[in-house]
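*Asks:* Okay, so here is protein_25.cif, and as you'll see once you scroll down, it has mmCIF, C-alpha atoms and all ligand atoms.
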```cif
data_data
#
loop_
_atom_site.label_atom_id
_atom_site.label_comp_id
_atom_site.auth_asym_id
_atom_site.auth_seq_id
_atom_site.Cartn_x
_atom_site.Cartn_y
_atom_site.Cartn_z
CA MET T 1 -0.39 12.76 24.85
CA SER T 2 -3.99 12.84 25.95
CA GLU T 3 -4.99 13.93 29.39
CA PRO T 4 -6.86 11.19 31.25
CA ASP T 5 -10.02 13.30 30.81
CA ASP T 6 -9.79 12.85 27.08
CA LEU T 7 -9.85 9.09 27.44
CA ILE T 8 -13.23 7.56 26.87
CA ILE T 9 -12.13 3.95 27.20
CA HIS T 10 -9.39 2.61 29.35
CA THR T 11 -8.39 -0.96 30.17
CA LYS T 12 -5.72 -2.50 32.33
CA GLY T 13 -4.65 -6.12 32.00
CA LEU T 14 -7.97 -6.97 30.38
CA THR T 15 -8.14 -10.68 29.66
CA LYS T 16 -10.98 -12.83 28.38
CA SER T 17 -10.75 -16.58 28.01
CA TYR T 18 -13.27 -18.93 26.50
CA GLY T 19 -12.29 -22.16 28.25
CA PRO T 20 -8.66 -22.80 27.33
CA HIS T 21 -8.73 -20.22 24.53
CA THR T 22 -7.49 -16.72 25.37
CA ALA T 23 -9.45 -14.32 23.17
CA LEU T 24 -8.15 -11.12 24.85
CA ASP T 25 -4.71 -11.25 26.38
CA ASP T 26 -3.66 -8.66 28.95
CA LEU T 27 -4.86 -5.56 27.08
CA ASN T 28 -3.78 -2.14 28.28
CA LEU T 29 -5.68 0.26 26.10
CA SER T 30 -6.41 3.96 26.06
CA VAL T 31 -8.97 5.25 23.60
CA PRO T 32 -9.23 9.04 23.30
CA ARG T 33 -12.26 11.09 22.27
CA GLY T 34 -12.83 11.17 18.51
CA ALA T 35 -12.87 8.34 16.02
CA THR T 36 -10.90 5.17 16.65
CA GLY T 37 -10.63 2.11 14.46
CA LEU T 38 -10.34 -1.29 16.11
CA LEU T 39 -8.37 -3.33 13.62
CA GLY T 40 -7.38 -6.94 13.38
CA GLN T 41 -7.76 -10.01 11.28
CA ASN T 42 -10.60 -12.49 11.69
CA GLY T 43 -10.57 -13.89 15.18
CA ALA T 44 -8.26 -11.18 16.53
CA GLY T 45 -10.70 -10.47 19.34
CA LYS T 46 -12.39 -7.27 18.14
CA SER T 47 -15.98 -8.33 18.85
CA THR T 48 -14.98 -9.92 22.14
CA PHE T 49 -13.30 -6.69 23.17
CA LEU T 50 -16.39 -4.61 22.35
CA LYS T 51 -18.72 -6.96 24.19
CA THR T 52 -16.40 -7.01 27.20
CA ILE T 53 -16.20 -3.23 27.53
CA LEU T 54 -19.99 -3.02 27.19
CA GLY T 55 -20.38 -5.43 30.07
CA LEU T 56 -22.21 -7.89 27.82
CA ILE T 57 -19.67 -10.56 28.62
CA THR T 58 -17.56 -10.74 31.76
CA ALA T 59 -13.81 -10.32 31.63
CA THR T 60 -11.78 -13.20 33.04
CA SER T 61 -9.40 -10.74 34.68
CA GLY T 62 -8.26 -7.16 34.47
CA GLU T 63 -10.28 -3.98 34.61
CA GLY T 64 -11.58 -1.16 32.50
CA THR T 65 -13.77 1.89 32.24
CA VAL T 66 -15.99 3.36 29.52
CA LEU T 67 -16.90 7.03 29.98
CA GLY T 68 -15.70 6.60 33.54
CA TYR T 69 -17.98 3.64 34.32
CA ASP T 70 -16.62 0.30 35.47
CA ILE T 71 -17.03 -2.43 32.84
CA GLN T 72 -17.28 -5.19 35.45
CA THR T 73 -20.01 -3.63 37.58
CA GLN T 74 -21.66 -0.81 35.62
CA GLY T 75 -22.52 -2.43 32.30
CA SER T 76 -26.06 -1.12 32.27
CA GLU T 77 -24.92 2.48 32.93
CA ILE T 78 -22.46 2.11 30.06
CA ARG T 79 -25.09 0.73 27.69
CA GLN T 80 -27.44 3.61 28.53
CA ARG T 81 -24.83 6.12 27.47
CA ILE T 82 -23.31 4.56 24.39
CA GLY T 83 -24.85 3.38 21.15
CA TYR T 84 -23.91 -0.17 20.18
CA MET T 85 -24.23 -1.51 16.69
CA PRO T 86 -23.58 -5.25 16.98
CA GLU T 87 -21.82 -7.40 14.42
CA TYR T 88 -24.59 -9.82 13.62
CA GLU T 89 -28.26 -9.32 13.01
CA ALA T 90 -29.96 -7.99 16.06
CA LEU T 91 -33.20 -7.13 14.30
CA ASN T 92 -36.63 -8.68 14.36
CA PRO T 93 -37.45 -9.53 10.72
CA ASN T 94 -41.19 -9.26 11.37
CA MET T 95 -41.09 -5.70 12.65
CA ASP T 96 -41.11 -2.64 10.48
CA ALA T 97 -38.08 -0.40 10.84
CA ILE T 98 -39.80 2.39 12.73
CA HIS T 99 -41.10 0.04 15.42
CA GLN T 100 -37.80 -1.77 15.68
CA VAL T 101 -35.95 1.48 16.29
CA ARG T 102 -38.60 2.78 18.69
CA TYR T 103 -38.39 -0.51 20.58
CA SER T 104 -34.64 -0.14 21.09
CA GLY T 105 -35.35 3.29 22.60
CA GLU T 106 -37.98 1.81 24.91
CA LEU T 107 -35.49 -0.83 26.03
CA LEU T 108 -33.26 2.04 27.13
CA GLY T 109 -36.12 3.40 29.19
CA MET T 110 -37.33 6.10 26.81
CA ASN T 111 -40.95 7.11 26.91
CA PRO T 112 -42.70 5.48 23.88
CA LYS T 113 -43.76 8.80 22.37
CA VAL T 114 -40.30 10.32 22.62
CA ALA T 115 -38.85 7.07 21.31
CA LEU T 116 -41.16 7.20 18.28
CA ASN T 117 -40.20 10.77 17.45
CA ARG T 118 -36.56 9.96 17.81
CA ALA T 119 -36.98 6.81 15.67
CA HIS T 120 -38.28 8.93 12.78
CA GLU T 121 -35.29 11.24 13.07
CA ALA T 122 -32.75 8.45 13.41
CA LEU T 123 -34.07 6.57 10.37
CA GLN T 124 -34.05 9.78 8.35
CA PHE T 125 -30.47 10.40 9.43
CA VAL T 126 -29.26 6.95 8.34
CA GLY T 127 -30.94 7.37 4.97
CA ILE T 128 -33.93 5.03 5.14
CA GLY T 129 -36.68 7.43 6.19
CA GLU T 130 -38.70 6.47 3.13
CA GLN T 131 -38.63 2.78 3.96
CA ARG T 132 -39.40 3.13 7.65
CA TYR T 133 -42.79 1.38 7.51
CA ARG T 134 -41.46 -1.64 5.65
CA GLU T 135 -40.85 -4.98 7.30
CA ILE T 136 -37.19 -5.63 8.02
CA SER T 137 -37.42 -9.05 6.35
CA SER T 138 -37.72 -7.22 3.02
CA PHE T 139 -34.56 -5.13 3.63
CA SER T 140 -31.22 -5.39 1.86
CA THR T 141 -28.06 -5.83 3.93
CA GLY T 142 -27.38 -2.12 3.60
CA MET T 143 -30.81 -1.20 4.89
CA LYS T 144 -30.42 -3.62 7.79
CA GLN T 145 -27.05 -2.12 8.71
CA ALA T 146 -28.63 1.34 8.55
CA THR T 147 -31.47 0.17 10.80
CA LYS T 148 -28.97 -1.21 13.29
CA LEU T 149 -27.20 2.14 13.31
CA ALA T 150 -30.52 3.95 13.83
CA CYS T 151 -31.20 1.68 16.83
CA ALA T 152 -27.76 2.54 18.21
CA ILE T 153 -28.27 6.31 17.99
CA ILE T 154 -31.90 6.52 19.15
CA HIS T 155 -30.88 8.08 22.50
CA ASP T 156 -28.34 10.41 20.90
CA PRO T 157 -25.28 8.90 22.59
CA ASP T 158 -21.90 10.63 22.76
CA LEU T 159 -20.10 7.41 21.91
CA ILE T 160 -21.06 5.00 19.16
CA ILE T 161 -19.51 1.55 19.20
CA ALA T 162 -19.97 -0.14 15.86
CA ASP T 163 -18.88 -3.69 15.08
CA GLU T 164 -18.06 -4.01 11.36
CA PRO T 165 -20.51 -1.30 10.27
CA SER T 166 -19.70 -1.65 6.58
CA ASN T 167 -19.58 -5.43 6.51
CA GLY T 168 -21.32 -6.96 3.52
CA LEU T 169 -22.29 -3.64 1.95
CA ASP T 170 -21.99 -2.82 -1.73
CA MET T 171 -20.05 0.23 -2.79
CA ASN T 172 -22.85 2.79 -2.59
CA THR T 173 -24.26 1.71 0.76
CA ARG T 174 -20.75 1.39 2.14
CA GLU T 175 -20.06 4.93 1.00
CA PHE T 176 -23.22 6.11 2.71
CA MET T 177 -22.36 4.31 5.96
CA ILE T 178 -18.89 5.87 6.00
CA SER T 179 -20.21 9.36 5.36
CA THR T 180 -22.89 8.93 8.05
CA LEU T 181 -20.23 7.92 10.58
CA ASN T 182 -18.09 10.85 9.47
CA THR T 183 -21.00 13.26 9.95
CA MET T 184 -21.52 12.02 13.49
CA VAL T 185 -17.86 12.54 14.32
CA ASN T 186 -17.24 15.82 12.52
CA ASP T 187 -20.54 17.67 12.75
CA GLY T 188 -21.98 15.94 15.79
CA GLN T 189 -18.80 15.98 17.89
CA ARG T 190 -19.42 12.37 18.79
CA SER T 191 -16.90 9.65 19.39
CA VAL T 192 -16.88 6.46 17.38
CA LEU T 193 -15.12 3.19 18.05
CA MET T 194 -15.49 1.00 15.00
CA ALA T 195 -14.21 -2.54 14.59
CA SER T 196 -13.26 -3.37 11.05
CA HIS T 197 -10.86 -5.31 8.95
CA LEU T 198 -11.35 -2.86 6.08
CA MET T 199 -8.40 -0.48 6.31
CA ASP T 200 -9.85 1.96 3.81
CA ASP T 201 -12.99 2.49 5.85
CA VAL T 202 -11.04 3.00 9.04
CA GLU T 203 -8.67 5.42 7.37
CA ARG T 204 -11.58 7.49 6.13
CA VAL T 205 -13.33 7.78 9.47
CA CYS T 206 -10.69 7.47 12.17
CA ASP T 207 -7.74 9.44 13.52
CA ASN T 208 -6.66 6.71 15.91
CA ILE T 209 -6.30 2.98 15.75
CA VAL T 210 -6.04 0.07 18.10
CA LEU T 211 -4.60 -2.98 16.39
CA LEU T 212 -5.22 -6.41 17.86
CA HIS T 213 -3.51 -9.58 16.80
CA LYS T 214 -4.51 -12.94 18.26
CA GLY T 215 -6.01 -11.21 21.26
CA ARG T 216 -2.95 -9.12 21.97
CA LEU T 217 -2.32 -5.44 21.46
CA ALA T 218 -0.06 -4.95 18.45
CA ALA T 219 -0.23 -1.15 18.22
CA GLN T 220 -2.26 1.84 19.31
CA GLY T 221 -2.02 5.54 18.62
CA ARG T 222 -2.70 8.23 16.08
CA ILE T 223 -2.58 6.96 12.51
CA GLU T 224 -0.51 9.99 11.59
CA ASP T 225 2.10 9.22 14.25
CA LEU T 226 2.19 5.52 13.50
CA LYS T 227 2.79 6.24 9.84
CA GLU T 228 6.06 7.91 10.75
CA ILE T 229 7.63 4.48 10.94
CA ASP T 230 6.83 3.83 7.33
CA ARG T 231 8.09 6.94 5.57
CA GLU T 232 9.76 6.43 2.21
CA ILE T 233 10.95 8.50 -0.70
CA GLU T 234 9.92 7.24 -4.10
CA ILE T 235 12.13 7.87 -7.11
CA HIS T 236 11.90 7.03 -10.79
CA VAL T 237 15.32 6.22 -12.15
CA TRP T 238 16.65 6.28 -15.69
CA GLY T 239 19.79 4.18 -16.21
CA SER T 240 22.08 2.51 -13.65
CA ALA T 241 19.15 1.63 -11.40
CA SER T 242 20.85 -1.55 -10.17
CA ALA T 243 24.05 0.32 -9.38
CA LEU T 244 22.10 2.97 -7.50
CA GLU T 245 20.21 0.35 -5.54
CA GLU T 246 23.48 -1.37 -4.57
CA LEU T 247 25.14 1.86 -3.51
CA LEU T 248 22.20 3.02 -1.41
CA LYS T 249 22.01 -0.37 0.29
CA ASP T 250 25.76 -0.26 0.94
CA ARG T 251 25.22 3.07 2.63
CA GLY T 252 22.65 1.55 4.92
CA PHE T 253 19.39 2.64 3.29
CA GLY T 254 16.46 0.26 3.04
CA VAL T 255 15.55 0.05 -0.65
CA ARG T 256 12.63 -1.62 -2.39
CA ARG T 257 12.74 -1.63 -6.11
CA GLU T 258 10.59 -2.62 -9.03
CA GLY T 259 12.28 -1.79 -12.31
CA ARG T 260 12.77 1.94 -12.49
CA VAL T 261 10.74 2.71 -9.40
CA MET T 262 12.52 2.64 -6.08
CA ARG T 263 11.37 3.41 -2.58
CA ILE T 264 14.01 4.36 -0.09
CA ALA T 265 13.33 4.34 3.65
CA HIS T 266 13.25 7.93 4.80
CA THR T 267 15.23 7.47 7.99
CA VAL T 268 17.52 10.46 8.14
CA GLU T 269 16.79 14.14 7.73
CA ASP T 270 18.72 14.44 4.46
CA THR T 271 17.75 11.16 2.77
CA ALA T 272 16.99 13.06 -0.43
CA THR T 273 20.47 14.56 -0.53
CA HIS T 274 22.02 11.13 -0.05
CA ILE T 275 19.93 9.77 -2.91
CA LEU T 276 20.95 12.57 -5.27
CA GLN T 277 24.59 12.18 -4.26
CA ALA T 278 24.52 8.43 -4.87
CA ALA T 279 22.74 8.91 -8.19
CA SER T 280 25.38 11.30 -9.47
CA GLU T 281 28.15 8.89 -8.36
CA VAL T 282 26.75 5.99 -10.39
CA GLY T 283 25.50 8.16 -13.25
CA ALA T 284 21.81 7.44 -12.69
CA GLN T 285 19.23 10.01 -13.69
CA ILE T 286 16.36 10.67 -11.32
CA ARG T 287 13.20 11.63 -13.18
CA LYS T 288 10.81 11.99 -10.28
CA MET T 289 11.25 12.17 -6.54
CA HIS T 290 8.57 12.48 -3.91
CA GLU T 291 7.65 11.36 -0.44
CA TYR T 292 5.62 8.17 -0.66
CA GLU T 293 2.46 8.41 1.41
CA ALA T 294 1.97 5.12 3.24
CA SER T 295 -1.58 3.85 3.47
CA LEU T 296 -3.01 2.34 6.63
CA GLU T 297 -2.71 -0.99 4.82
CA ASP T 298 1.06 -0.46 4.37
CA LEU T 299 1.31 0.41 8.01
CA PHE T 300 -0.67 -2.65 9.05
CA LEU T 301 1.63 -4.91 7.03
CA ALA T 302 4.74 -3.23 8.36
CA ILE T 303 3.59 -3.77 11.93
CA MET T 304 2.29 -7.28 11.47
CA ASP T 305 5.06 -8.74 9.42
CA ASN T 306 8.06 -7.04 10.87
CA LEU T 307 7.60 -5.94 14.43
CA GLY T 308 6.28 -8.95 16.21
CA TYR T 309 3.43 -8.44 18.60
CA ALA T 310 5.14 -7.00 21.63
CA VAL T 311 4.75 -3.44 20.41
CA LYS T 312 2.49 -1.36 22.58
CA SER T 313 2.51 2.20 21.30
CA SER T 314 3.58 4.44 18.51
CA GLU T 315 6.66 5.40 20.53
CA ASP T 316 7.73 1.78 20.66
CA LEU T 317 7.19 1.48 16.95
CA LEU T 318 9.22 4.58 16.27
CA ALA T 319 12.01 3.30 18.48
CA SER T 320 12.70 0.36 16.19
CA THR T 321 15.08 0.84 13.30
CA VAL T 322 14.19 0.36 9.70
CA GLU T 323 16.61 -2.57 9.46
CA ALA T 324 14.65 -4.27 12.19
CA ARG T 325 11.45 -3.65 10.26
CA ARG T 326 12.60 -5.30 7.02
CA VAL T 327 9.51 -4.11 5.21
CA ASP T 328 8.64 -6.55 2.50
CA ALA T 329 7.73 -4.89 -0.75
CA PRO T 330 4.12 -5.11 -1.83
CA GLN T 331 3.41 -7.27 -4.85
CA SER T 332 3.19 -4.18 -7.05
CA LEU T 333 6.81 -3.48 -6.17
CA GLY T 334 7.97 -7.01 -6.81
CA GLY T 335 7.90 -8.23 -3.21
CA GLY T 336 6.03 -11.09 -1.67
CA GLY T 337 3.20 -8.81 -0.62
CA ALA T 338 0.79 -9.71 2.10
N1 LIG M 401 -18.58 -17.50 22.60
C1 LIG M 401 -17.36 -17.96 22.24
N2 LIG M 401 -16.92 -19.17 22.67
C2 LIG M 401 -15.70 -19.62 22.36
N3 LIG M 401 -14.81 -18.97 21.60
C3 LIG M 401 -15.18 -17.76 21.13
C4 LIG M 401 -16.47 -17.19 21.42
N4 LIG M 401 -16.55 -15.99 20.81
C5 LIG M 401 -15.39 -15.82 20.18
N5 LIG M 401 -14.57 -16.86 20.37
C6 LIG M 401 -13.19 -17.00 19.85
O1 LIG M 401 -12.43 -15.90 20.31
C7 LIG M 401 -11.59 -15.39 19.30
C8 LIG M 401 -11.93 -13.93 19.02
O2 LIG M 401 -13.19 -13.85 18.39
P1 LIG M 401 -13.87 -12.48 17.99
O3 LIG M 401 -15.21 -12.80 17.45
O4 LIG M 401 -13.79 -11.57 19.13
O5 LIG M 401 -12.90 -11.99 16.84
P2 LIG M 401 -13.09 -10.80 15.78
O6 LIG M 401 -11.81 -10.06 15.77
O7 LIG M 401 -14.32 -10.05 16.07
O8 LIG M 401 -13.22 -11.61 14.41
P3 LIG M 401 -14.08 -11.26 13.08
O9 LIG M 401 -13.23 -10.32 12.27
O10 LIG M 401 -14.21 -12.59 12.42
O11 LIG M 401 -15.39 -10.64 13.49
C9 LIG M 401 -11.79 -16.31 18.10
O12 LIG M 401 -10.77 -17.26 18.12
C10 LIG M 401 -13.14 -16.92 18.34
O13 LIG M 401 -13.21 -18.19 17.75
MG MG M 402 -16.01 -9.69 15.02
#
```
What does the file become when written as structure tokens?

*Replies:*
Amino acid sequence: MSEPDDLIIHTKGLTKSYGPHTALDDLNLSVPRGATGLLGQNGAGKSTFLKTILGLITATSGEGTVLGYDIQTQGSEIRQRIGYMPEYEALNPNMDAIHQVRYSGELLGMNPKVALNRAHEALQFVGIGEQRYREISSFSTGMKQATKLACAIIHDPDLIIADEPSNGLDMNTREFMISTLNTMVNDGQRSVLMASHLMDDVERVCDNIVLLHKGRLAAQGRIEDLKEIDREIEIHVWGSASALEELLKDRGFGVRREGRVMRIAHTVEDTATHILQAASEVGAQIRKMHEYEASLEDLFLAIMDNLGYAVKSSEDLLASTVEARRVDAPQSLGGGGA
């Protein structure tokens, strides 16, 4: 568990309503230093959450701090100290990149000369140093995203808050964005909070996640810890696969099967021994056996589909039994998938 000092963002009962619509519902969140992914489907409340903790929009009720500053009263202090990369275009198409980035430094109160020097560095860092004198209107989506990131890091903040940083990017630019974020976290010792609905991107940058669903907190914690709920052993079976499946199910193991490939919920210490025992009883031959590494996507589905939305932490997730989870097999394993 993190010490409070390690928490960079903290909220208690945070609620935001737009008229009758509750976009954020009673959120109690703790975000530690490091890289955290803010996950959720469209409309889950990710952007609303980011804008609320930046003091750009006012919470309806509840409280929170970012880097120790109060989100309700110290929005401008917060925005001075973090770098925010907004979801939608925040760029002036008629400016060239260097002036756009310098301008965002000036808005933060930087001296124009310092801001210009820093703008050169920031654009170099995000990979568009060569194009810095071009008008933004001529930029690709990837170059615009990079420019937005350069604006966010002009004052060298310790915390970068990025809303869908890889949205709309093709494979190469997406790759570059991910590696840039990784560099900031790993080499620069900076913290990143990135909203995304792309699990792969989050998994590659982040150690922690916060998962929102319809404005509510569905899960938060270390990805590694959360994955504990979704451990399985995968086996390849030759002969008597149906009999083996039946027997394992009779003995209380969750089994998903597609043909000769079976995944058995790894719930007890000696699951493997039980599998081998059952296989020898029914005369099935096991050709391969290994621990199946769940992806963040698997985890997301397991949480969403099977746990309801009252789950608050990895401990709560771990407390629920595999039977209660009823993990539906992905399409590749013959299940209904997502
Ligand atoms: N200014 C607004 N006025 C009214 N409703 C809003 C406003 N902004 C957002 N909402 C609603 O609040 C909910 C959360 O929206 P939000 O943009 O925070 O979601 P999101 O998780 O960022 O979604 P996306 O993945 O599409 O970016 C949605 O139902 C949205 O329609
Ligand atoms: Mg959004």

*Asks:* Between chain T and ligand LIG 401 (chain M), at 6 Å or less, what are the per-residue closest atom pairs and their distances in Å? Count only C-alpha atoms and all ligand atoms, order by chain and rising residue number, and return it as CSV.

*Replies:*
```
residue,atom,partner,partner_atom,distance
T:Tyr18,CA,M:LIG401,C2,4.8
T:Ala23,CA,M:LIG401,O1,4.4
T:Gly40,CA,M:LIG401,O6,5.9
T:Gln41,CA,M:LIG401,O9,5.6
T:Asn42,CA,M:LIG401,O9,3.5
T:Gly43,CA,M:LIG401,O5,3.4
T:Ala44,CA,M:LIG401,O6,3.8
T:Gly45,CA,M:LIG401,O4,3.3
T:Lys46,CA,M:LIG401,O6,3.7
T:Ser47,CA,M:LIG401,O7,3.7
T:Thr48,CA,M:LIG401,O4,3.6
```

*Asks:* Considering all atoms listed in the file, can you say which of T:Leu181, T:Ile160, T:Ala195, T:Ala59 comes closest to ligand MG 402 (chain M)?

*Replies:* T:Ala195

*Asks:* Between T:Asp187, T:Glu164, T:Asp200, T:Glu106, single out the one closest to Cys151 in chain T, counting all atoms listed in the file.

*Replies:* T:Glu106

*Asks:* Point out the residue among T:Glu297, T:Glu63, T:Glu234, T:Glu228 with the least atom-to-atom distance to Arg257 in chain T, counting only C-alpha atoms.

*Replies:*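 Closest to Arg257 in chain T, using only C-alpha atoms: T:Glu234.
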
*Asks:* Residues at most 9 Å from Ile161 in chain T, counting only C-alpha atoms, excluding those fewer than 6 positions away in the same chain, as a PDB file with C-alpha atoms, in the frame of the given file?

*Replies:*
```
ATOM      1  CA  LEU T  50     -16.390  -4.610  22.350  1.00  0.00           C
ATOM      2  CA  ILE T  82     -23.310   4.560  24.390  1.00  0.00           C
ATOM      3  CA  GLY T  83     -24.850   3.380  21.150  1.00  0.00           C
ATOM      4  CA  TYR T  84     -23.910  -0.170  20.180  1.00  0.00           C
ATOM      5  CA  MET T  85     -24.230  -1.510  16.690  1.00  0.00           C
ATOM      6  CA  PRO T  86     -23.580  -5.250  16.980  1.00  0.00           C
ATOM      7  CA  ALA T 152     -27.760   2.540  18.210  1.00  0.00           C
ATOM      8  CA  SER T 191     -16.900   9.650  19.390  1.00  0.00           C
ATOM      9  CA  VAL T 192     -16.880   6.460  17.380  1.00  0.00           C
ATOM     10  CA  LEU T 193     -15.120   3.190  18.050  1.00  0.00           C
ATOM     11  CA  MET T 194     -15.490   1.000  15.000  1.00  0.00           C
ATOM     12  CA  ALA T 195     -14.210  -2.540  14.590  1.00  0.00           C
TER      13      ALA T 195
END
```

*Asks:* Regenerate range 82-93 of chain T at the level of N, CA, C and O atoms and dump it as a JSON list (two decimals), keeping the file's coordinate frame.

*Replies:*
```json
[["chain", "number", "residue", "atom", "x", "y", "z"],
["T", 82, "ILE", "N", -23.96, 4.74, 25.71],
["T", 82, "ILE", "CA", -23.31, 4.56, 24.39],
["T", 82, "ILE", "C", -24.34, 3.98, 23.42],
["T", 82, "ILE", "O", -25.40, 3.50, 23.82],
["T", 83, "GLY", "N", -24.03, 4.05, 22.15],
["T", 83, "GLY", "CA", -24.85, 3.38, 21.15],
["T", 83, "GLY", "C", -24.06, 2.22, 20.59],
["T", 83, "GLY", "O", -22.91, 2.39, 20.18],
["T", 84, "TYR", "N", -24.63, 1.02, 20.63],
["T", 84, "TYR", "CA", -23.91, -0.17, 20.18],
["T", 84, "TYR", "C", -24.56, -0.75, 18.95],
["T", 84, "TYR", "O", -25.75, -1.04, 18.93],
["T", 85, "MET", "N", -23.76, -0.88, 17.92],
["T", 85, "MET", "CA", -24.23, -1.51, 16.69],
["T", 85, "MET", "C", -23.53, -2.86, 16.60],
["T", 85, "MET", "O", -22.35, -2.93, 16.31],
["T", 86, "PRO", "N", -24.25, -3.95, 16.91],
["T", 86, "PRO", "CA", -23.58, -5.25, 16.98],
["T", 86, "PRO", "C", -23.19, -5.80, 15.61],
["T", 86, "PRO", "O", -23.64, -5.30, 14.58],
["T", 87, "GLU", "N", -22.35, -6.83, 15.66],
["T", 87, "GLU", "CA", -21.82, -7.40, 14.42],
["T", 87, "GLU", "C", -22.89, -8.15, 13.64],
["T", 87, "GLU", "O", -23.02, -7.98, 12.44],
["T", 88, "TYR", "N", -23.63, -8.99, 14.34],
["T", 88, "TYR", "CA", -24.59, -9.82, 13.62],
["T", 88, "TYR", "C", -25.98, -9.22, 13.73],
["T", 88, "TYR", "O", -26.22, -8.27, 14.44],
["T", 89, "GLU", "N", -26.91, -9.84, 13.03],
["T", 89, "GLU", "CA", -28.26, -9.32, 13.01],
["T", 89, "GLU", "C", -28.86, -9.30, 14.40],
["T", 89, "GLU", "O", -28.83, -10.27, 15.13],
["T", 90, "ALA", "N", -29.36, -8.16, 14.75],
["T", 90, "ALA", "CA", -29.96, -7.99, 16.06],
["T", 90, "ALA", "C", -31.38, -7.47, 15.85],
["T", 90, "ALA", "O", -31.95, -6.85, 16.72],
["T", 91, "LEU", "N", -31.91, -7.72, 14.67],
["T", 91, "LEU", "CA", -33.20, -7.13, 14.30],
["T", 91, "LEU", "C", -34.27, -8.20, 14.23],
["T", 91, "LEU", "O", -34.00, -9.35, 13.93],
["T", 92, "ASN", "N", -35.48, -7.79, 14.47],
["T", 92, "ASN", "CA", -36.63, -8.68, 14.36],
["T", 92, "ASN", "C", -37.19, -8.57, 12.93],
["T", 92, "ASN", "O", -37.72, -7.51, 12.57],
["T", 93, "PRO", "N", -37.06, -9.63, 12.13],
["T", 93, "PRO", "CA", -37.45, -9.53, 10.72],
["T", 93, "PRO", "C", -38.93, -9.19, 10.53],
["T", 93, "PRO", "O", -39.32, -8.63, 9.49]]
```
